[in-house]
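Right, one structure below, let's go through it.
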Amino acid sequence: MMDSENGVPGSKVWLDRAEILIADGIDERFARRYAQAQLDALPPGKEGVESLPVTSAEWADIVLLIDAASVLREYFGLYPLEVLADRVHLLRVVEYRTHFGMIKSCTCGGHVYLPEHVRFSPGQWLPYLSHEIAHLAGFVAATVVMESEDAARLSYTRFGLQRLGEGGGLEFIGLNEAVVEIASLNIRKIAAMISPPFGERYSLDDAAPVGYSGQMTMVNELCAVLAGLESTEWKDPREVIEVLLADFLGGSDVLLEKLAEIAPSILEIYRKMKG
C-alpha cells in the first residue's frame with residue numbers, strides 16, 4: 001500500500017468511522033493517538049467560538065438523533081457512531097455568519113454548528129440537525145504525515161462520498177450531499193420509531209429535505225435507471241439507494257465502480273455535480 005501524498009509505503013488503521021493511512025516510518029501508536037486527538041478536536045480557528053446553552057429538550061433531540069445514526073450504521077454492519085452530544089454547537093447568528101458565512105448549517109472537523117434561529121422553527125431544527133449528524137455518521141479517510149521531525153499533520157482525503165480528486169479538487173460534492181439528505185431522512189424516521197414523543201413531533205415537522213432537491217432528483221433518477229438494467233443485479237431503486245448509503249457510511253465504492261464499468265460518461269456527470 002502506498003501513501004498517495006508522499007509516495008511511500010503506508011499502513012492503515014481504523015478509528016471509529018475513519019480510515020487512517022499512516023505514512024511509512026511513523027510509529028503506529030503515535031499515529032493512532034494523534035489522529036484520534038485531531039478527529040476529536042475543535043477545527044482550527046473555532047476554539048474561541050462561544051456556544052449557546054441548549055435546553056433539555058434540545059439536548060434530548062441531539063442524543064436521540066445520534067443514537068438513531070448509530071442504528072443506521074449498525075444496520076449496515078458498522079460500529080455505532082462514537083460522537084458526544086456536546087459536539088453540536090448553537091451559535092448566535094452574527095457569530096455563525098462570521099465563521100461560516102451564509103451556509104445554512106455546517107459540519108466542520110467533527111463538530112456540528114447551527115445558527116440560533118433554527119431552534120425556533122420546527123421545520124428547521126430537526127431537519128438541519130439530522131442532516132449535519134448524518135455528515136458525522138459518514139465515512140472519513142485521512143493520512144497522518146510528518147511535516148518535520150516533531151510536527152505531524154492529518155490530511156483528509158474523503159468525507160462520505162466526497163473526496164479529493166487527482167488534481168486536488170473535490171469530487172462528488174453534490175452526490176454526497178444528496179446521500180447525506182437520504183441518510184438524514186432515515187435517521188429521523190429511526191428516531192421516531194425509538195421515541196414515540198419524537199415521532200409525534202416529527203409528524204408535524206417539515207419532512208422535506210433542507211436543500212439539494214435538484215441533486216436528490218438526479219440521484220433518484222439514477223437509482224431508478226440502474227435498477228432497470230440487465231447489467232446490474234439491482235431490481236428495485238431502493239436497493240440502489242441502500243448501496244449508496246453503504247458506500248457513504250462504510251467507505252466502499254460499489255455504485256461508483258459499477259458506473260465506471262457500464263456508464264463512464266454518467267459517472268463524470270455525478271463526479272462534477274455541485275453541492
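In the C-alpha cells, chains take letters A, B, ... by order of appearance, with residues numbered from 1 within each chain and ligands from 1 in the order shown.
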
message: With only C-alpha atoms as the counted atoms, please give the residues lying no more than 7 Å from region 262-271 of chain A, apart from itself and same-chain residues fewer than 3 positions off, as a list in words.
response: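 That gives Glu171, Phe172, Leu175, Leu256, Lys258 and Leu259 of chain A.
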
Among the residues A:Gly169, A:Gly48, A:Gly250, A:Gly138, the one that comes closest to Ala69 (chain A) [using only C-alpha atoms]: A:Gly138

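CA of Ala23 (chain A) lies 6.3 Å from CA of Val144 (chain A).
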
Counting only C-alpha atoms, what is within 12 Å of Thr98 (chain A), bar same-chain residues fewer than 5 positions away, as a CSV table (one decimal) with C-alpha atoms, in the first residue's frame?
chain,number,residue,atom,x,y,z
A,45,GLY,CA,-9.9,28.8,14.3
A,46,LYS,CA,-13.0,27.7,16.1
A,49,VAL,CA,-16.4,30.2,19.3
A,91,LEU,CA,-24.2,30.0,17.8
A,92,ARG,CA,-25.6,33.5,17.8
A,93,VAL,CA,-26.5,34.3,14.2
A,103,ILE,CA,-24.1,28.3,4.8
A,115,PRO,CA,-27.3,29.3,13.7

message: Please extract the residues of region 22-244 of chain A with a backbone DSSP assignment of strand (DSSP E or B) and present them as a PyMOL selection string.
response: chain A and resi 22-23+52+88-91+106-108+111-115+140-148+151-159+162-164+170-171

message: So that I can see what lies close to region 149-155 of chain A, please list as a ChimeraX atom specification the residues with an atom at most 12 Å from it, counting only C-alpha atoms and leaving out residues fewer than 3 positions away in the same chain.
response: /A:3-6,18-23,25-27,30-39,41,43,109,140-146,158-159,163-164

With N, CA, C and O atoms retained, could you export that selection as a compact mmCIF listing (two decimals), in the first residue's frame?
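Written output follows (out-v7.txt):
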# COMPACT_ATOMS: atom_id res chain seq x y z
N ASP A 3 1.25 5.50 0.47
CA ASP A 3 0.74 6.78 0.92
C ASP A 3 0.70 7.68 -0.32
O ASP A 3 1.74 8.08 -0.83
N SER A 4 -0.50 8.00 -0.80
CA SER A 4 -0.63 8.70 -2.07
C SER A 4 -0.03 10.10 -2.01
O SER A 4 0.34 10.67 -3.02
N GLU A 5 0.05 10.68 -0.81
CA GLU A 5 0.56 12.04 -0.72
C GLU A 5 2.07 12.07 -0.75
O GLU A 5 2.68 12.99 -1.29
N ASN A 6 2.72 11.07 -0.17
CA ASN A 6 4.17 11.09 -0.07
C ASN A 6 4.86 10.08 -0.98
O ASN A 6 6.07 10.07 -1.09
N ALA A 18 -13.35 6.36 10.80
CA ALA A 18 -12.27 6.92 10.00
C ALA A 18 -11.25 5.86 9.63
O ALA A 18 -10.82 5.07 10.47
N GLU A 19 -10.86 5.86 8.35
CA GLU A 19 -9.77 5.03 7.87
C GLU A 19 -8.52 5.91 7.80
O GLU A 19 -8.49 6.88 7.04
N ILE A 20 -7.53 5.58 8.60
CA ILE A 20 -6.33 6.42 8.72
C ILE A 20 -5.16 5.70 8.06
O ILE A 20 -4.79 4.59 8.44
N LEU A 21 -4.59 6.36 7.05
CA LEU A 21 -3.39 5.86 6.40
C LEU A 21 -2.18 6.49 7.09
O LEU A 21 -2.12 7.70 7.28
N ILE A 22 -1.22 5.65 7.48
CA ILE A 22 -0.03 6.12 8.19
C ILE A 22 1.17 6.02 7.25
O ILE A 22 1.49 4.94 6.75
N ALA A 23 1.80 7.15 7.01
CA ALA A 23 2.97 7.15 6.13
C ALA A 23 4.07 6.29 6.74
O ALA A 23 4.19 6.16 7.96
N GLY A 25 7.33 4.89 8.33
CA GLY A 25 8.29 5.47 9.25
C GLY A 25 7.66 6.13 10.46
O GLY A 25 8.36 6.53 11.39
N ILE A 26 6.32 6.26 10.47
CA ILE A 26 5.63 6.86 11.61
C ILE A 26 5.17 5.76 12.55
O ILE A 26 4.54 4.78 12.12
N ASP A 27 5.44 5.91 13.83
CA ASP A 27 5.02 4.93 14.83
C ASP A 27 3.50 4.83 14.86
O ASP A 27 2.81 5.85 14.96
N PHE A 30 1.72 6.30 17.98
CA PHE A 30 1.69 7.77 17.91
C PHE A 30 0.62 8.21 16.91
O PHE A 30 -0.16 9.14 17.18
N ALA A 31 0.58 7.56 15.75
CA ALA A 31 -0.36 7.95 14.70
C ALA A 31 -1.80 7.79 15.17
O ALA A 31 -2.65 8.63 14.89
N ARG A 32 -2.09 6.70 15.88
CA ARG A 32 -3.43 6.48 16.41
C ARG A 32 -3.82 7.60 17.37
O ARG A 32 -4.92 8.17 17.27
N ARG A 33 -2.94 7.89 18.32
CA ARG A 33 -3.24 8.92 19.32
C ARG A 33 -3.40 10.29 18.65
O ARG A 33 -4.32 11.04 18.97
N TYR A 34 -2.51 10.59 17.73
CA TYR A 34 -2.56 11.88 17.06
C TYR A 34 -3.84 12.02 16.23
O TYR A 34 -4.54 13.04 16.30
N ALA A 35 -4.15 10.98 15.45
CA ALA A 35 -5.35 11.04 14.60
C ALA A 35 -6.61 11.16 15.43
O ALA A 35 -7.51 11.94 15.10
N GLN A 36 -6.70 10.40 16.54
CA GLN A 36 -7.89 10.47 17.38
C GLN A 36 -8.04 11.85 17.99
O GLN A 36 -9.15 12.41 18.05
N ALA A 37 -6.93 12.42 18.43
CA ALA A 37 -6.98 13.77 19.00
C ALA A 37 -7.45 14.79 17.97
O ALA A 37 -8.24 15.70 18.28
N GLN A 38 -7.00 14.64 16.73
CA GLN A 38 -7.40 15.57 15.67
C GLN A 38 -8.86 15.39 15.30
O GLN A 38 -9.58 16.36 15.03
N LEU A 39 -9.33 14.14 15.30
CA LEU A 39 -10.73 13.87 14.99
C LEU A 39 -11.65 14.43 16.06
O LEU A 39 -12.78 14.83 15.77
N ALA A 41 -10.84 17.07 18.14
CA ALA A 41 -10.56 18.47 18.45
C ALA A 41 -11.50 19.41 17.71
O ALA A 41 -12.08 19.07 16.67
N PRO A 43 -12.20 22.36 15.20
CA PRO A 43 -11.46 22.72 13.99
C PRO A 43 -10.63 23.98 14.22
O PRO A 43 -10.96 24.82 15.05
N GLY A 109 -14.76 19.62 11.02
CA GLY A 109 -13.82 18.99 11.94
C GLY A 109 -14.46 18.09 12.97
O GLY A 109 -14.00 18.04 14.11
N VAL A 140 -14.88 8.58 6.86
CA VAL A 140 -13.79 9.56 6.77
C VAL A 140 -12.51 8.83 6.42
O VAL A 140 -12.23 7.76 6.96
N ALA A 141 -11.73 9.39 5.51
CA ALA A 141 -10.39 8.87 5.20
C ALA A 141 -9.40 10.02 5.33
O ALA A 141 -9.66 11.14 4.90
N ALA A 142 -8.28 9.72 5.97
CA ALA A 142 -7.25 10.75 6.17
C ALA A 142 -5.89 10.08 6.27
O ALA A 142 -5.79 8.87 6.52
N THR A 143 -4.85 10.87 6.08
CA THR A 143 -3.48 10.38 6.14
C THR A 143 -2.70 11.15 7.21
O THR A 143 -2.77 12.37 7.26
N VAL A 144 -1.98 10.41 8.06
CA VAL A 144 -1.06 11.04 9.02
C VAL A 144 0.30 11.13 8.36
O VAL A 144 0.89 10.12 7.95
N VAL A 145 0.80 12.36 8.23
CA VAL A 145 2.12 12.58 7.63
C VAL A 145 2.94 13.45 8.58
O VAL A 145 2.39 14.22 9.37
N MET A 146 4.24 13.32 8.51
CA MET A 146 5.16 14.15 9.31
C MET A 146 5.64 15.30 8.45
O MET A 146 6.25 15.09 7.40
N ARG A 158 -11.21 12.06 2.17
CA ARG A 158 -12.57 11.67 1.82
C ARG A 158 -13.50 11.89 2.99
O ARG A 158 -13.16 11.59 4.13
N PHE A 159 -14.69 12.44 2.70
CA PHE A 159 -15.80 12.53 3.65
C PHE A 159 -17.03 11.96 2.97
O PHE A 159 -17.52 12.53 2.00
N ARG A 163 -14.60 13.29 -2.16
CA ARG A 163 -13.18 13.02 -1.96
C ARG A 163 -12.33 13.95 -2.83
O ARG A 163 -12.83 14.59 -3.76
N LEU A 164 -11.03 13.98 -2.49
CA LEU A 164 -10.08 14.72 -3.30
C LEU A 164 -9.81 13.97 -4.59
O LEU A 164 -9.56 12.76 -4.57
